[in-house]
Amino acid sequence: RTGARVERLPLARFTTLGVGGEAEVWFVSTLEQLREAVEAPYRVLGGGSNLVVSDGGVPERVLRLTGQLAEADLTPDPELSTSDTVVTGWVGGGVPLPGLIRKLQKLGLSNLEGTVGIPAQVGGAVWMNAGTRYGEMFDGLHTLEIVTPGSVRHLTPDDLNWGYRQSDLPRGHVVSRVRLKLRHSTSEAVLAKMDFADLARKGQPKMKTPGCAFKNPGGVSAGKLIDEAGLKGARVGGAMIAPEHANFIVNLGGASSADVHALLGLIRERVGVPMELEYELWP
Ligand code: FAD
């Protein structure tokens, strides 16, 4: 064995909603440990910012990328970089996106600042091409390193049919590391764009949440539909539909996954228009 640390832990600790029962968590810190960890059924955990994990936990191993897989080498690659483009060294899938965005801003490197405020890890954000109307993860990718049982592959964005909030990578394809492709700018100009993108988040709740619950059906705002159904502030147990923004479910403290599912059911029933869930449900 290559020695990943393995511990049975409540997944509530790793999700932004703060909900989720126990699983066997594998803290993988090298590529070798990751290759070993994917030899039995597994799920990959990123920042846990899009997940509603069941109170009963999950039966599979849950992989958490740490150590070398959570380090960012932002040194420009001299062979691939040009006078206006920087291609970085490897950035681990386990790197928290918010800190990375701040570092790039300080270095005056542009392309990813539109993702400011997304509380993901790099791997999770790449896997679903997280973004806002100001930019998305695939704006700044050069190479993706993908691990699956028995293989490690290097892909470029052109190898994938990526699009709006999806990378085309099947579930279980682990984004272990990426190389970023950035443009030279100035720290002031990048900061100005970040501030602009951040403004759009002003109305979002500050409590524990996995972000927006439903996709906007046919261009109509899901939040508006939920609000019009009179559901702002509705509560089940420890879960509540945020009074600030009806498309967010928040944990008031002690919420269970059953509470969250009951609220999602109530929304579906009262809104009447079919809406696709944004959250990923585990299991
Ligand atoms: P997780 O929630 O941990 O996992 C989500 C999925 O990604 C799972 O299937 C998981 O297996 C997979 N995954 C995680 N890591 C990897 C990896 N290394 N390799 C392969 N698969 C992996 N999203 C937006 O797009 N735009 C927004 O503006 C936005 N705003 C948000 C605001 C708040 C306050 C919150 C809580 C969430 C917001 N989100 C937003 C949702 C969420 O941050 C994104 O969906 C993000 O991409 C999830 O990444 P994560 O690392 O937290 O993944």
# chains A, B, ... in the order shown; residues from 1 in each chain; ligands from 1
$ select_by_dssp --residues "range 68-280 of chain A" --states "strand (DSSP E)" --output "PyMOL selection string"
chain A and resi 85-92+109-110+131-132+135-136+141-148+151-155+174-184+235-236+239-241+249-251+280
$ write_last_selection --atoms "C-alpha atoms" --output "mmCIF file, in the first residue's frame"
data_model
loop_
_atom_site.group_PDB
_atom_site.id
_atom_site.type_symbol
_atom_site.label_atom_id
_atom_site.label_comp_id
_atom_site.auth_asym_id
_atom_site.auth_seq_id
_atom_site.Cartn_x
_atom_site.Cartn_y
_atom_site.Cartn_z
ATOM 1 C CA THR A 85 0.256 33.965 -22.290
ATOM 2 C CA VAL A 86 1.375 32.128 -19.161
ATOM 3 C CA VAL A 87 1.047 28.352 -18.882
ATOM 4 C CA THR A 88 1.601 27.378 -15.248
ATOM 5 C CA GLY A 89 3.047 24.286 -13.605
ATOM 6 C CA TRP A 90 0.639 21.757 -12.057
ATOM 7 C CA VAL A 91 -2.202 22.931 -9.841
ATOM 8 C CA GLY A 92 -3.745 20.171 -7.690
ATOM 9 C CA LEU A 109 -2.795 37.018 -14.213
ATOM 10 C CA SER A 110 -6.198 37.041 -15.884
ATOM 11 C CA GLY A 131 -18.602 29.812 -13.463
ATOM 12 C CA THR A 132 -20.654 32.945 -13.586
ATOM 13 C CA GLY A 135 -16.283 33.685 -16.765
ATOM 14 C CA GLU A 136 -15.865 29.962 -16.177
ATOM 15 C CA LEU A 141 -7.287 25.576 -18.646
ATOM 16 C CA HIS A 142 -4.327 24.295 -20.645
ATOM 17 C CA THR A 143 -4.069 20.609 -19.639
ATOM 18 C CA LEU A 144 -6.130 18.300 -17.430
ATOM 19 C CA GLU A 145 -4.674 15.248 -15.714
ATOM 20 C CA ILE A 146 -7.422 12.638 -15.318
ATOM 21 C CA VAL A 147 -7.234 9.512 -13.169
ATOM 22 C CA THR A 148 -9.555 6.531 -13.606
ATOM 23 C CA SER A 151 -5.094 4.921 -16.063
ATOM 24 C CA VAL A 152 -3.657 8.438 -15.842
ATOM 25 C CA ARG A 153 -4.288 10.574 -18.930
ATOM 26 C CA HIS A 154 -3.485 14.090 -20.017
ATOM 27 C CA LEU A 155 -6.233 15.890 -21.945
ATOM 28 C CA VAL A 174 -10.848 12.328 -11.115
ATOM 29 C CA VAL A 175 -9.341 15.681 -12.024
ATOM 30 C CA SER A 176 -6.065 15.149 -10.147
ATOM 31 C CA ARG A 177 -4.186 18.216 -11.447
ATOM 32 C CA VAL A 178 -4.452 20.881 -14.140
ATOM 33 C CA ARG A 179 -2.185 23.362 -15.843
ATOM 34 C CA LEU A 180 -3.641 26.836 -16.189
ATOM 35 C CA LYS A 181 -3.502 29.080 -19.238
ATOM 36 C CA LEU A 182 -3.574 32.752 -18.247
ATOM 37 C CA ARG A 183 -3.093 36.170 -19.779
ATOM 38 C CA HIS A 184 -0.777 38.884 -18.474
ATOM 39 C CA ARG A 235 -38.673 25.951 7.399
ATOM 40 C CA VAL A 236 -38.499 22.227 7.919
ATOM 41 C CA ALA A 239 -33.370 23.803 7.100
ATOM 42 C CA MET A 240 -34.827 27.007 5.672
ATOM 43 C CA ILE A 241 -35.443 28.634 2.307
ATOM 44 C CA ILE A 249 -31.514 26.456 1.154
ATOM 45 C CA VAL A 250 -29.608 27.180 4.361
ATOM 46 C CA ASN A 251 -28.786 25.169 7.469
ATOM 47 C CA GLU A 280 -25.936 16.740 -6.353
#
$ closest_atom_pairs --of "chain A" --to "ligand 1" --cutoff "7 Å" --atoms "only C-alpha atoms and all ligand atoms" --output "CSV"
residue,atom,partner,partner_atom_place_in_ligand_line,distance
A:Thr16,CA,ligand 1,36 (C),5.9
A:Arg43,CA,ligand 1,11 (O),5.5
A:Val44,CA,ligand 1,11 (O),4.1
A:Leu45,CA,ligand 1,3 (O),4.2
A:Gly46,CA,ligand 1,3 (O),3.3
A:Gly47,CA,ligand 1,52 (O),3.3
A:Gly48,CA,ligand 1,3 (O),3.2
A:Ser49,CA,ligand 1,52 (O),3.7
A:Asn50,CA,ligand 1,2 (O),3.7
A:Leu51,CA,ligand 1,2 (O),4.8
A:Gly93,CA,ligand 1,18 (N),4.6
A:Gly94,CA,ligand 1,18 (N),6.3
A:Thr115,CA,ligand 1,28 (O),6.8
A:Gly117,CA,ligand 1,32 (C),6.5
A:Ile118,CA,ligand 1,30 (N),4.6
A:Pro119,CA,ligand 1,43 (O),4.9
A:Ala120,CA,ligand 1,52 (O),3.7
A:Gln121,CA,ligand 1,51 (O),3.8
A:Val122,CA,ligand 1,51 (O),6.3
A:Gly123,CA,ligand 1,18 (N),3.4
A:Gly124,CA,ligand 1,14 (C),3.4
A:Ala125,CA,ligand 1,47 (O),3.5
A:Val126,CA,ligand 1,47 (O),6.8
A:Trp127,CA,ligand 1,21 (N),5.0
A:Met128,CA,ligand 1,47 (O),5.4
A:Asn129,CA,ligand 1,47 (O),6.6
A:Ala130,CA,ligand 1,25 (O),3.3
A:Gly131,CA,ligand 1,25 (O),4.2
A:Thr132,CA,ligand 1,28 (O),5.0
A:Arg165,CA,ligand 1,25 (O),6.2
A:Arg171,CA,ligand 1,9 (O),6.3
A:Gly172,CA,ligand 1,20 (C),6.3
A:His173,CA,ligand 1,20 (C),5.5
A:Val174,CA,ligand 1,19 (N),3.6
A:Val175,CA,ligand 1,19 (N),3.7
A:Ser176,CA,ligand 1,18 (N),5.5
A:Thr209,CA,ligand 1,36 (C),5.1
A:Pro210,CA,ligand 1,36 (C),3.8
A:Gly211,CA,ligand 1,35 (C),3.6
A:Cys212,CA,ligand 1,38 (C),6.6
A:Glu280,CA,ligand 1,5 (C),6.7
$ closest_residue --among "A:Leu80, A:Leu277, A:Ala70, A:Ala192" --to "Leu100 in chain A" --atoms "only C-alpha atoms"
A:Ala70
$ select_by_dssp --residues "range 39-136 of chain A" --states "alpha helix (DSSP H)" --output "list in words"
Leu97, Pro98, Gly99, Leu100, Ile101, Arg102, Lys103, Leu104, Gln105, Lys106, Val122, Gly123, Gly124, Ala125, Val126 and Trp127 of chain A
$ closest_residue --among "A:Asn161, A:Leu112, A:Gly237, A:Leu34" --to "Ala255 in chain A" --atoms "only C-alpha atoms"
A:Gly237
$ residues_around --residues "range 222-233 of chain A" --least-positions-apart "3" --cutoff "8 Å" --atoms "only C-alpha atoms" --output "ChimeraX atom specification"
/A:214-217,240-248,267,270-271,275
$ write_last_selection --atoms "C-alpha atoms" --output "compact mmCIF listing (two decimals), in the first residue's frame"
# COMPACT_ATOMS: atom_id res chain seq x y z
CA PHE A 214 -32.60 24.63 -8.87
CA LYS A 215 -31.56 25.52 -12.41
CA ASN A 216 -33.58 28.34 -13.96
CA PRO A 217 -36.33 26.59 -15.97
CA MET A 240 -34.83 27.01 5.67
CA ILE A 241 -35.44 28.63 2.31
CA ALA A 242 -33.29 31.74 2.62
CA PRO A 243 -35.28 34.93 3.20
CA GLU A 244 -32.61 36.82 1.17
CA HIS A 245 -32.82 34.61 -1.91
CA ALA A 246 -35.47 31.93 -2.40
CA ASN A 247 -33.28 29.63 -4.53
CA PHE A 248 -30.91 29.02 -1.59
CA ILE A 267 -40.74 23.68 -3.55
CA ARG A 270 -45.83 24.47 -4.77
CA VAL A 271 -43.98 25.84 -7.83
CA MET A 275 -37.28 22.44 -12.32
$ residues_around --residues "Val52 in chain A" --least-positions-apart "6" --cutoff "9 Å" --atoms "only C-alpha atoms" --output "count of residues only"
14
$ closest_residue --among "A:Leu65, A:Ala40, A:Leu191, A:Val95" --to "Asn111 in chain A" --atoms "only C-alpha atoms"
A:Leu191
$ closest_residue --among "A:Leu69, A:Arg8, A:Arg133, A:Glu24" --to "Asp198 in chain A" --atoms "only C-alpha atoms"
A:Arg133
